[in-house]
$ cat query.txt   # compact mmCIF, C-alpha atoms and all ligand atoms
# COMPACT_ATOMS: atom_id res chain seq x y z
CA MET I 118 106.10 115.07 86.64
CA ALA I 119 104.23 112.05 87.85
CA ARG I 120 105.81 109.92 90.52
CA ILE I 121 104.96 106.35 91.28
CA ASN I 122 104.26 104.87 94.68
CA GLU I 123 107.81 103.67 95.30
CA ASN I 124 106.66 101.25 97.95
CA TYR I 125 105.69 98.95 95.08
CA LEU I 126 109.34 98.75 94.06
CA LYS I 127 110.24 97.34 97.46
CA LEU I 128 107.99 94.30 97.00
CA PRO I 129 109.84 91.08 96.29
CA GLY I 130 108.44 89.21 93.24
CA SER I 131 105.50 86.90 93.86
CA TYR I 132 108.05 84.16 94.15
CA LEU I 133 106.08 81.39 95.85
CA PHE I 134 103.50 80.24 93.33
CA SER I 135 105.52 81.21 90.25
CA GLU I 136 108.44 79.15 91.53
CA VAL I 137 106.10 76.24 92.36
CA GLY I 138 104.70 76.43 88.80
CA LYS I 139 108.16 76.71 87.26
CA ARG I 140 109.54 73.65 89.03
CA ARG I 141 106.38 71.66 88.29
CA ARG I 142 106.50 72.53 84.55
CA ALA I 143 110.21 71.73 84.30
CA TYR I 144 109.65 68.32 85.90
CA ILE I 145 106.69 67.48 83.63
CA GLU I 146 108.66 68.53 80.54
CA ALA I 147 111.49 66.22 81.52
CA HIS I 148 109.10 63.41 82.57
CA PRO I 149 106.09 63.65 80.24
CA ASP I 150 104.63 60.35 81.47
CA ALA I 151 104.63 61.31 85.14
CA GLU I 152 101.20 61.60 86.75
CA VAL I 153 101.76 64.63 88.91
CA ILE I 154 99.08 65.27 91.55
CA SER I 155 98.60 68.74 92.95
CA LEU I 156 97.72 69.05 96.61
CA GLY I 157 99.09 72.56 96.65
CA ILE I 158 96.03 74.43 95.50
CA GLY I 159 94.13 76.88 97.67
CA ASP I 160 91.27 77.00 95.18
CA VAL I 161 88.11 74.95 95.32
CA THR I 162 87.44 72.33 92.65
CA LEU I 163 83.81 71.22 93.16
CA PRO I 164 81.09 73.02 91.14
CA LEU I 165 78.59 75.50 92.56
CA THR I 166 75.62 74.08 94.46
CA PRO I 167 72.31 73.58 92.60
CA SER I 168 70.69 76.27 94.78
CA ALA I 169 73.35 78.85 93.84
CA VAL I 170 73.04 77.94 90.15
CA ALA I 171 69.24 78.27 90.31
CA ALA I 172 69.61 81.70 91.96
CA LEU I 173 72.01 82.81 89.21
CA HIS I 174 69.52 81.72 86.53
CA ARG I 175 66.69 83.49 88.33
CA GLY I 176 68.76 86.65 88.63
CA ALA I 177 69.79 86.53 84.98
CA ASP I 178 66.13 86.22 83.94
CA GLU I 179 65.20 89.19 86.14
CA MET I 180 67.98 91.26 84.60
CA GLY I 181 66.65 90.42 81.14
CA ARG I 182 63.16 91.81 81.75
CA ALA I 183 62.36 95.53 81.80
CA GLU I 184 60.11 95.20 84.89
CA THR I 185 62.75 93.49 87.01
CA PHE I 186 66.01 94.86 85.57
CA ARG I 187 68.37 96.42 88.14
CA GLY I 188 71.23 98.84 87.57
CA TYR I 189 73.57 100.00 90.31
CA GLY I 190 72.65 98.48 93.64
CA PRO I 191 73.51 99.74 97.11
CA GLU I 192 77.32 99.76 97.40
CA GLN I 193 77.05 98.09 100.81
CA GLY I 194 75.01 95.21 99.38
CA TYR I 195 71.33 94.38 99.09
CA MET I 196 69.40 94.21 102.34
CA PHE I 197 68.13 90.71 101.53
CA LEU I 198 71.71 89.42 101.77
CA ARG I 199 72.82 91.60 104.71
CA GLU I 200 69.76 90.44 106.68
CA ALA I 201 70.39 86.78 105.81
CA VAL I 202 74.00 87.13 106.98
CA ALA I 203 73.02 88.92 110.22
CA GLY I 204 70.35 86.33 110.99
CA THR I 205 72.20 83.13 110.15
CA ASP I 206 75.88 83.81 110.68
CA PHE I 207 75.40 85.92 113.82
CA ALA I 208 71.95 86.11 115.50
CA ALA I 209 71.57 82.32 115.30
CA ARG I 210 74.84 82.06 117.28
CA GLY I 211 73.69 84.61 119.84
CA ILE I 212 75.82 87.40 118.33
CA GLY I 213 74.29 90.82 117.77
CA VAL I 214 75.47 92.10 114.39
CA GLU I 215 73.15 94.53 112.60
CA PRO I 216 72.69 94.49 108.81
CA ASP I 217 74.21 97.99 108.59
CA GLU I 218 77.38 96.67 110.20
CA ILE I 219 77.77 94.23 107.27
CA PHE I 220 79.37 95.34 104.00
CA ILE I 221 78.96 92.98 101.05
CA SER I 222 82.02 92.92 98.80
CA ASP I 223 83.71 90.96 96.03
CA GLY I 224 86.23 89.04 98.10
CA ALA I 225 88.00 88.80 101.41
CA LYS I 226 91.22 89.36 99.48
CA SER I 227 90.00 92.78 98.33
CA ASP I 228 88.70 93.75 101.75
CA THR I 229 91.66 92.53 103.82
CA GLY I 230 93.82 94.35 101.30
CA ASN I 231 91.76 97.55 101.18
CA ILE I 232 90.98 97.93 104.87
CA GLY I 233 94.33 99.69 105.31
CA ASP I 234 92.83 102.70 103.47
CA ILE I 235 91.06 103.84 106.64
CA PHE I 236 94.19 103.60 108.82
CA ASP I 237 97.11 105.98 109.18
CA ALA I 238 100.26 105.12 107.24
CA ALA I 239 102.27 105.46 110.45
CA ASN I 240 100.41 102.69 112.27
CA LYS I 241 102.50 99.75 113.43
CA VAL I 242 101.25 96.49 111.96
CA ALA I 243 101.56 93.02 113.47
CA VAL I 244 101.14 89.82 111.49
CA CYS I 245 101.45 86.20 112.46
CA ASP I 246 104.25 84.28 110.76
CA PRO I 247 103.62 82.19 108.64
CA VAL I 248 100.85 84.31 107.13
CA TYR I 249 98.46 84.84 104.20
CA PRO I 250 100.74 87.14 102.15
CA VAL I 251 98.04 89.71 101.28
CA TYR I 252 98.22 91.34 104.72
CA VAL I 253 101.97 91.87 104.40
CA ASP I 254 102.09 92.99 100.78
CA THR I 255 99.21 95.46 101.04
CA ASN I 256 100.78 97.11 104.06
CA ALA I 257 104.08 97.25 102.20
CA MET I 258 102.26 99.02 99.34
CA ALA I 259 100.87 101.55 101.82
CA GLY I 260 104.33 102.22 103.27
CA ARG I 261 103.56 100.68 106.65
CA ALA I 262 105.97 97.75 106.32
CA GLY I 263 109.22 99.69 105.85
CA ASN I 264 111.92 97.94 103.86
CA TYR I 265 112.27 94.31 102.87
CA ASP I 266 115.37 92.37 103.83
CA SER I 267 115.78 89.45 101.45
CA ALA I 268 118.32 87.81 103.76
CA THR I 269 115.79 87.42 106.58
CA GLY I 270 112.60 87.52 104.50
CA ARG I 271 111.26 90.22 106.82
CA TRP I 272 110.03 93.81 106.54
CA ASP I 273 111.74 96.06 109.06
CA ARG I 274 108.63 97.92 110.27
CA LEU I 275 106.35 94.90 110.63
CA ILE I 276 105.95 93.07 113.90
CA TYR I 277 106.10 89.31 113.29
CA ILE I 278 104.39 87.02 115.78
CA PRO I 279 105.76 83.56 115.08
CA GLY I 280 103.68 80.42 114.93
CA THR I 281 105.88 77.59 116.21
CA GLU I 282 105.60 74.02 117.32
CA ALA I 283 105.82 75.32 120.89
CA ASN I 284 102.63 77.36 120.52
CA GLY I 285 101.00 74.77 118.24
CA PHE I 286 101.04 77.34 115.41
CA VAL I 287 98.48 79.40 117.32
CA PRO I 288 100.44 82.56 118.17
CA GLY I 289 99.33 84.41 121.28
CA ALA I 290 99.42 88.12 122.00
CA PRO I 291 102.99 89.45 122.22
CA ASP I 292 104.48 91.11 125.27
CA LEU I 293 104.56 94.50 123.57
CA TYR I 294 103.18 97.58 125.27
CA GLY I 295 103.58 101.34 125.07
CA GLU I 296 105.73 102.58 122.20
CA SER I 297 106.44 99.11 120.85
CA ALA I 298 102.81 97.91 120.81
CA PRO I 299 101.17 97.28 117.43
CA ASP I 300 98.23 99.44 116.27
CA MET I 301 96.76 96.99 113.75
CA ILE I 302 96.88 93.21 114.21
CA TYR I 303 95.96 90.69 111.51
CA LEU I 304 94.64 87.35 112.72
CA CYS I 305 93.36 84.46 110.62
CA PHE I 306 91.51 81.50 112.15
CA PRO I 307 91.06 78.81 110.91
CA ASN I 308 94.49 79.66 109.64
CA ASN I 309 95.92 79.67 106.17
CA PRO I 310 98.52 78.12 105.83
CA THR I 311 98.72 76.11 109.08
CA GLY I 312 95.09 74.93 109.36
CA THR I 313 95.11 75.65 113.10
CA VAL I 314 92.30 77.27 115.10
CA ALA I 315 92.25 79.50 118.16
CA ASP I 316 90.04 78.48 121.06
CA ARG I 317 87.87 80.81 123.12
CA ALA I 318 90.59 81.51 125.70
CA GLY I 319 93.11 82.24 122.95
CA LEU I 320 90.79 84.67 121.17
CA LYS I 321 89.82 86.30 124.47
CA ALA I 322 93.51 86.94 125.19
CA TRP I 323 93.82 88.69 121.81
CA VAL I 324 90.69 90.79 122.38
CA ASP I 325 91.83 91.76 125.89
CA TYR I 326 95.26 92.69 124.55
CA ALA I 327 93.81 94.78 121.71
CA LEU I 328 91.48 96.61 124.10
CA ARG I 329 94.35 97.25 126.51
CA ILE I 330 96.71 98.74 123.90
CA GLY I 331 94.04 100.39 121.73
CA ALA I 332 94.79 98.26 118.66
CA VAL I 333 92.33 97.06 116.02
CA LEU I 334 92.14 93.33 115.29
CA LEU I 335 91.64 92.48 111.62
CA PHE I 336 90.13 89.03 111.94
CA ASP I 337 90.05 86.94 108.77
CA ALA I 338 87.46 84.17 109.11
CA ALA I 339 87.43 83.10 105.45
CA TYR I 340 87.55 79.44 106.55
CA GLU I 341 84.92 79.70 109.31
CA ALA I 342 82.70 77.07 107.66
CA TYR I 343 85.38 74.43 108.26
CA ILE I 344 85.11 74.62 112.04
CA THR I 345 83.86 71.24 113.24
CA ASP I 346 84.82 71.42 116.91
CA PRO I 347 81.80 72.79 118.84
CA ASP I 348 84.06 74.62 121.33
CA ILE I 349 85.84 76.72 118.71
CA PRO I 350 84.33 80.19 118.16
CA HIS I 351 83.13 80.90 114.61
CA SER I 352 83.35 84.65 115.00
CA ILE I 353 85.58 87.03 116.94
CA TYR I 354 82.35 88.65 118.14
CA GLU I 355 81.67 85.60 120.30
CA ILE I 356 84.29 87.18 122.58
CA PRO I 357 82.99 89.99 124.82
CA GLY I 358 84.50 93.35 123.90
CA ALA I 359 85.42 92.31 120.33
CA ASP I 360 82.81 94.69 118.90
CA GLU I 361 84.93 97.52 120.30
CA CYS I 362 88.23 96.38 118.78
CA ALA I 363 87.71 94.02 115.83
CA ILE I 364 86.76 93.96 112.16
CA GLU I 365 85.84 90.54 110.75
CA PHE I 366 86.20 89.32 107.16
CA ARG I 367 84.15 86.46 105.73
CA SER I 368 83.94 84.96 102.28
CA PHE I 369 81.65 82.75 100.18
CA SER I 370 84.72 81.42 98.33
CA LYS I 371 85.67 78.44 100.42
CA ASN I 372 82.27 77.41 101.80
CA ALA I 373 80.08 77.79 98.70
CA GLY I 374 82.73 77.59 95.98
CA PHE I 375 82.51 81.26 94.95
CA THR I 376 86.23 81.70 94.15
CA GLY I 377 85.27 82.41 90.54
CA LEU I 378 81.93 84.09 91.29
CA ARG I 379 83.27 86.55 93.94
CA CYS I 380 81.28 87.49 97.03
CA SER I 381 82.32 88.20 100.61
CA TYR I 382 81.45 90.46 103.48
CA THR I 383 83.16 92.51 106.14
CA VAL I 384 81.70 93.33 109.54
CA VAL I 385 82.59 96.72 111.02
CA PRO I 386 80.71 97.16 114.31
CA LYS I 387 79.25 100.58 115.06
CA LYS I 388 80.77 100.43 118.53
CA LEU I 389 84.27 100.25 117.04
CA LYS I 390 85.86 103.67 117.37
CA VAL I 391 89.44 104.86 116.95
CA GLY I 392 90.23 108.26 118.43
CA GLY I 393 86.47 108.78 118.82
CA VAL I 394 85.87 108.18 115.09
CA SER I 395 83.53 105.41 113.95
CA LEU I 396 85.31 102.91 111.70
CA ASN I 397 81.90 101.83 110.41
CA SER I 398 81.38 105.36 109.00
CA LEU I 399 84.91 105.48 107.57
CA TRP I 400 84.60 102.08 105.90
CA ASN I 401 81.14 103.01 104.60
CA ARG I 402 82.67 106.15 103.05
CA ARG I 403 85.57 104.21 101.56
CA HIS I 404 83.45 101.32 100.28
CA SER I 405 80.77 103.52 98.70
CA THR I 406 83.41 105.75 97.07
CA LYS I 407 85.68 103.10 95.62
CA PHE I 408 83.29 100.17 95.12
CA ASN I 409 80.04 100.00 93.17
CA GLY I 410 78.54 96.86 94.57
CA THR I 411 78.75 93.11 94.08
CA PRO I 412 76.63 92.02 91.09
CA TYR I 413 72.95 91.51 91.94
CA ILE I 414 72.87 87.97 90.60
CA VAL I 415 75.93 87.05 92.64
CA GLN I 416 74.30 88.41 95.79
CA LEU I 417 71.20 86.33 94.99
CA ALA I 418 73.45 83.28 94.74
CA ALA I 419 75.12 84.20 98.05
CA ALA I 420 71.71 84.56 99.71
CA SER I 421 70.78 81.09 98.44
CA VAL I 422 73.55 79.73 100.69
CA TYR I 423 71.30 80.59 103.65
CA SER I 424 68.21 78.72 102.37
CA PRO I 425 67.59 75.26 103.91
CA GLU I 426 68.71 73.50 100.67
CA GLY I 427 71.61 75.91 100.25
CA ARG I 428 72.87 75.22 103.75
CA GLU I 429 72.67 71.47 103.20
CA GLN I 430 74.43 71.64 99.83
CA THR I 431 77.12 73.99 101.12
CA ALA I 432 77.73 71.72 104.11
CA ALA I 433 78.24 68.85 101.66
CA LEU I 434 80.92 70.81 99.75
CA VAL I 435 82.77 71.71 102.93
CA GLY I 436 82.35 68.15 104.20
CA ALA I 437 83.97 66.74 101.07
CA TYR I 438 87.05 68.99 101.40
CA LEU I 439 87.26 68.26 105.13
CA GLU I 440 87.20 64.53 104.42
CA ASN I 441 90.07 64.99 101.97
CA ALA I 442 91.98 66.96 104.58
CA GLY I 443 91.33 64.20 107.11
CA ILE I 444 92.61 61.57 104.66
CA ILE I 445 95.80 63.60 104.13
CA ARG I 446 96.28 64.20 107.83
CA ARG I 447 95.85 60.53 108.78
CA GLY I 448 98.02 59.37 105.87
CA LEU I 449 100.83 61.69 106.91
CA GLU I 450 100.58 60.63 110.55
CA GLU I 451 100.74 56.97 109.52
CA ALA I 452 103.82 57.76 107.46
CA GLY I 453 105.41 59.26 110.58
CA TYR I 454 105.00 62.97 109.87
CA LYS I 455 104.18 65.56 112.51
CA VAL I 456 101.04 67.40 111.37
CA TRP I 457 98.75 70.28 112.31
CA GLY I 458 95.39 71.37 110.89
CA GLY I 459 93.13 69.30 108.64
CA ILE I 460 90.41 69.01 111.30
CA ASN I 461 88.77 72.44 111.36
CA SER I 462 90.40 73.46 108.11
CA PRO I 463 91.05 72.31 104.53
CA TYR I 464 94.78 72.89 105.13
CA VAL I 465 97.23 70.37 106.53
CA TRP I 466 100.58 71.66 107.78
CA LEU I 467 103.44 69.23 108.23
CA LYS I 468 106.99 69.18 109.41
CA THR I 469 109.27 68.16 106.60
CA ALA I 470 111.09 64.82 106.80
CA ASP I 471 114.67 64.65 108.10
CA GLY I 472 114.93 68.39 108.78
CA MET I 473 114.72 69.19 105.06
CA SER I 474 114.16 72.80 104.05
CA SER I 475 110.68 73.56 102.72
CA TRP I 476 112.00 73.78 99.13
CA ASP I 477 114.08 70.60 99.40
CA PHE I 478 110.96 68.83 100.60
CA PHE I 479 109.03 70.31 97.68
CA ASP I 480 111.60 68.85 95.28
CA TYR I 481 111.54 65.50 97.08
CA LEU I 482 107.73 65.25 96.87
CA LEU I 483 107.72 66.33 93.23
CA THR I 484 110.51 64.12 91.97
CA GLU I 485 110.09 61.03 94.17
CA LEU I 486 106.32 60.94 94.70
CA ASN I 487 105.06 63.20 91.89
CA ILE I 488 103.07 65.33 94.33
CA VAL I 489 102.98 69.13 94.32
CA GLY I 490 102.47 71.01 97.57
CA THR I 491 103.39 74.44 98.91
CA PRO I 492 106.64 75.18 100.77
CA GLY I 493 105.94 76.68 104.20
CA SER I 494 108.79 79.16 103.86
CA GLY I 495 106.76 80.90 101.15
CA PHE I 496 104.36 82.11 103.85
CA GLY I 497 107.05 83.70 105.99
CA PRO I 498 110.36 82.90 107.66
CA ALA I 499 108.72 80.89 110.48
CA GLY I 500 107.32 78.53 107.83
CA GLU I 501 110.82 77.23 106.97
CA GLY I 502 111.02 73.48 107.52
CA TYR I 503 107.26 73.06 107.13
CA PHE I 504 104.95 72.37 104.21
CA ARG I 505 101.27 72.85 103.27
CA LEU I 506 98.97 70.33 101.60
CA THR I 507 95.30 71.02 100.93
CA GLY I 508 92.05 69.09 100.85
CA PHE I 509 90.82 70.96 97.77
CA GLY I 510 91.88 68.28 95.25
CA SER I 511 89.62 65.52 93.99
CA ARG I 512 88.98 62.53 96.27
CA GLU I 513 90.64 60.20 93.79
CA ASN I 514 93.82 62.26 93.58
CA THR I 515 93.89 62.76 97.34
CA LEU I 516 93.72 59.01 97.93
CA ARG I 517 96.38 58.32 95.30
CA ALA I 518 98.70 60.95 96.72
CA VAL I 519 98.32 59.64 100.26
CA GLU I 520 99.03 56.10 99.08
CA ARG I 521 102.30 57.34 97.56
CA ILE I 522 103.24 59.14 100.77
CA ARG I 523 102.50 56.04 102.87
CA ASN I 524 104.59 53.83 100.60
CA GLY I 525 107.35 56.39 100.19
CA ARG I 526 107.20 55.81 96.44
CA ILE I 527 104.98 56.36 93.40
N1 LIG I 601 91.75 85.13 103.36
C1 LIG I 601 92.45 84.00 103.39
C2 LIG I 601 93.12 83.61 104.65
C3 LIG I 601 92.58 83.20 102.25
O1 LIG I 601 93.31 82.09 102.29
C4 LIG I 601 91.95 83.60 101.06
C5 LIG I 601 92.06 82.82 99.82
O2 LIG I 601 92.77 81.90 99.66
C6 LIG I 601 91.22 84.78 101.08
C7 LIG I 601 91.13 85.53 102.23
C8 LIG I 601 90.59 85.29 99.82
O3 LIG I 601 89.25 85.02 99.76
P1 LIG I 601 88.35 85.61 98.58
O4 LIG I 601 88.25 84.55 97.55
O5 LIG I 601 87.05 85.92 99.27
O6 LIG I 601 88.99 86.85 98.06

$ encode --input "query.txt" --output "structure tokens" --more "lines below"
Ligand code: PLP
Amino acid sequence: MARINENYLKLPGSYLFSEVGKRRRAYIEAHPDAEVISLGIGDVTLPLTPSAVAALHRGADEMGRAETFRGYGPEQGYMFLREAVAGTDFAARGIGVEPDEIFISDGAKSDTGNIGDIFDAANKVAVCDPVYPVYVDTNAMAGRAGNYDSATGRWDRLIYIPGTEANGFVPGAPDLYGESAPDMIYLCFPNNPTGTVADRAGLKAWVDYALRIGAVLLFDAAYEAYITDPDIPHSIYEIPGADECAIEFRSFSKNAGFTGLRCSYTVVPKKLKVGGVSLNSLWNRRHSTKFNGTPYIVQLAAASVYSPEGREQTAALVGAYLENAGIIRRGLEEAGYKVWGGINSPYVWLKTADGMSSWDFFDYLLTELNIVGTPGSGFGPAGEGYFRLTGFGSRENTLRAVERIRNGRI
């Protein structure tokens, strides 16, 4: 008799965005004339760049001619893209990453979720709190998170490293060694949901800690393109020793608007070994067994991001979202809110007014100002009392929403 993976039954429902949608719909039904603005979205809204669109057309034409048609490609990605990534994202920053350390994929969500395949189910996992929920849920599915306690919102086998006002929502390495030390540590900078970044010293402390305890850092740099501060590292591999303890995830979703097109990559350095086994070989085995390659035309579009026009056009997309985030951040500050993020990130994280819970603040924004955002508590217990707004809306809506916040009314 077949048995299911019972770990799936332990997962709480995907409460956050369904509850946001439910409350939003109920409000609009009761107030059909309300002009509700959403600053809650984590999806991009601007169209693809002209260079990506031209590459897609070119690829489609090639696929339609017998002489240039392509079937299955290399599972790890075409060399033209892996070389462009190695040259521009790494060599140009003085980082030595070889094309065969780069695995092209269909999303950082897939890869941050699937990376657990190459790790033992008994590994202890540490996550920052608040956190991108994929790291938690995929480890719960694999049985590494233990059991969920709805009263505390925590899994009993996960190690939570809280982001707090005291640490500026940039959690540092915990004081855990020996038996209690984590084996796998998820980090995300620039961070979703808090919009904060780790500086060189902060990242070095994480790398030194991982090397000391023999843990692997799973470094999610999906928002790397939003880093504006020249002192903030773009890659974990800017830190000496990281190529012996870290895997890095990147995505074309938030820089080039590929959320609907799907392309990303994961770097697994050849020097990274666990128990003498190369994680590059393991991931290569996993990726080529369970994945059959990102579509050729999508990889052409991703490669176009590295052309001179592509880089300019992509920078304009990121710049537009960053400007929105800056408008939100300044508007909130002027209205007296305490805020984080919005400088090297499209996300702005704020402390709710008058000590309101995250959900009470959601209801206040929706009903009083007709603005939808995302309650911080949905990203983990340490997010309670905080709230996320994003720069991914249109400029017009961003300005209108900020005006409402400043005035405290619609
Ligand atoms: N990592 C983080 C931190 C994210 O916020 C997101 C998307 O919101 C992703 C990964 C997913 O990226 P992709 O579209 O490449 O799957």

$ closest_atom_pairs --input "query.txt" --of "chain I" --to "ligand LIG 601 (chain I)" --cutoff "8 Å" --atoms "all atoms listed in the file" --output "CSV"
residue,atom,partner,partner_atom,distance
I:Gly159,CA,I:LIG601,O2,5.6
I:Asp160,CA,I:LIG601,O2,6.8
I:Asp223,CA,I:LIG601,O5,6.9
I:Gly224,CA,I:LIG601,O5,3.4
I:Ala225,CA,I:LIG601,O5,3.7
I:Lys226,CA,I:LIG601,O6,3.6
I:Ser227,CA,I:LIG601,O6,6.0
I:Asp228,CA,I:LIG601,O6,7.8
I:Thr229,CA,I:LIG601,C7,7.2
I:Tyr249,CA,I:LIG601,C2,5.5
I:Cys305,CA,I:LIG601,C2,6.0
I:Phe306,CA,I:LIG601,C2,8.0
I:Asn308,CA,I:LIG601,C2,6.5
I:Asn309,CA,I:LIG601,C2,5.1
I:Pro310,CA,I:LIG601,O1,7.4
I:Asp337,CA,I:LIG601,N1,6.0
I:Ala338,CA,I:LIG601,C2,7.2
I:Ala339,CA,I:LIG601,N1,5.2
I:Tyr340,CA,I:LIG601,C2,7.2
I:Phe366,CA,I:LIG601,N1,7.9
I:Arg367,CA,I:LIG601,O5,7.1
I:Ser368,CA,I:LIG601,O5,4.4
I:Phe369,CA,I:LIG601,O5,6.3
I:Ser370,CA,I:LIG601,O4,4.8
I:Lys371,CA,I:LIG601,O4,7.2
I:Phe375,CA,I:LIG601,O4,7.1
I:Thr376,CA,I:LIG601,O4,4.9
I:Gly377,CA,I:LIG601,O4,7.9
I:Arg379,CA,I:LIG601,O4,6.5
I:Cys380,CA,I:LIG601,O5,6.4
I:Ser381,CA,I:LIG601,O5,5.4

$ closest_residue --input "query.txt" --among "I:Cys245, I:Val385, I:Ala238, I:Ala169" --to "Glu426 of chain I" --atoms "only C-alpha atoms"
I:Ala169

$ axis_aligned_box --input "query.txt" --around "segment 422-428 of chain I" --padding-each-side "8 Å" --output "lines of an AutoDock Vina configuration file"
center_x = 70.6
center_y = 77.0
center_z = 102.1
size_x = 22.0
size_y = 23.1
size_z = 19.7

$ closest_residue --input "query.txt" --among "I:Val137, I:Asp254, I:Ile330, I:Tyr438" --to "Trp476 of chain I" --atoms "only C-alpha atoms"
I:Val137

$ atom_distance --input "query.txt" --atom1 "atom CA of Glu451 of chain I" --atom2 "atom CA of Leu506 of chain I"
15.6 Å

$ closest_residue --input "query.txt" --among "I:Leu320, I:Ile356, I:Ile232, I:Ala363" --to "Pro307 of chain I" --atoms "all atoms listed in the file"
I:Leu320

$ closest_residue --input "query.txt" --among "I:Leu126, I:Ile154, I:Ile121, I:Leu516" --to "Thr484 of chain I" --atoms "only C-alpha atoms"
I:Ile154

$ residues_around --input "query.txt" --residues "segment 165-168 of chain I" --least-positions-apart "5" --cutoff "9 Å" --atoms "all atoms listed in the file" --output "list in words"
Leu173, Ala373, Gly374, Phe375, Ala418, Ser421, Val422, Ser424, Glu426, Gly427, Gln430, Thr431 and Leu434 of chain I

$ write_last_selection --input "query.txt" --atoms "C-alpha atoms" --output "PDB file, keeping the file's coordinate frame"
ATOM      1  CA  LEU I 173      72.010  82.810  89.210  1.00  0.00           C
ATOM      2  CA  ALA I 373      80.080  77.790  98.700  1.00  0.00           C
ATOM      3  CA  GLY I 374      82.730  77.590  95.980  1.00  0.00           C
ATOM      4  CA  PHE I 375      82.510  81.260  94.950  1.00  0.00           C
ATOM      5  CA  ALA I 418      73.450  83.280  94.740  1.00  0.00           C
ATOM      6  CA  SER I 421      70.780  81.090  98.440  1.00  0.00           C
ATOM      7  CA  VAL I 422      73.550  79.730 100.690  1.00  0.00           C
ATOM      8  CA  SER I 424      68.210  78.720 102.370  1.00  0.00           C
ATOM      9  CA  GLU I 426      68.710  73.500 100.670  1.00  0.00           C
ATOM     10  CA  GLY I 427      71.610  75.910 100.250  1.00  0.00           C
ATOM     11  CA  GLN I 430      74.430  71.640  99.830  1.00  0.00           C
ATOM     12  CA  THR I 431      77.120  73.990 101.120  1.00  0.00           C
ATOM     13  CA  LEU I 434      80.920  70.810  99.750  1.00  0.00           C
TER      14      LEU I 434
END

$ atom_distance --input "query.txt" --atom1 "atom CA of Gly312 of chain I" --atom2 "atom CA of Val170 of chain I"
29.4 Å

$ closest_residue --input "query.txt" --among "I:Ser135, I:Tyr464, I:Leu128, I:Thr406" --to "Ser267 of chain I" --atoms "only C-alpha atoms"
I:Leu128

$ closest_residue --input "query.txt" --among "I:Ala262, I:Ala209, I:Met301, I:Met473" --to "His351 of chain I" --atoms "all atoms listed in the file"
I:Ala209

$ atom_distance --input "query.txt" --atom1 "atom CA of Trp400 of chain I" --atom2 "atom CA of Asp246 of chain I"
27.0 Å

$ residues_near_point --input "query.txt" --point "(100.3, 100.6, 124.0)" --cutoff "7 Å" --atoms "only C-alpha atoms" --output "ChimeraX atom specification"
/I:294-296,298,330-331

$ write_last_selection --input "query.txt" --atoms "C-alpha atoms" --output "PDB file, in the frame of the given file"
ATOM      1  CA  TYR I 294     103.180  97.580 125.270  1.00  0.00           C
ATOM      2  CA  GLY I 295     103.580 101.340 125.070  1.00  0.00           C
ATOM      3  CA  GLU I 296     105.730 102.580 122.200  1.00  0.00           C
ATOM      4  CA  ALA I 298     102.810  97.910 120.810  1.00  0.00           C
ATOM      5  CA  ILE I 330      96.710  98.740 123.900  1.00  0.00           C
ATOM      6  CA  GLY I 331      94.040 100.390 121.730  1.00  0.00           C
TER       7      GLY I 331
END
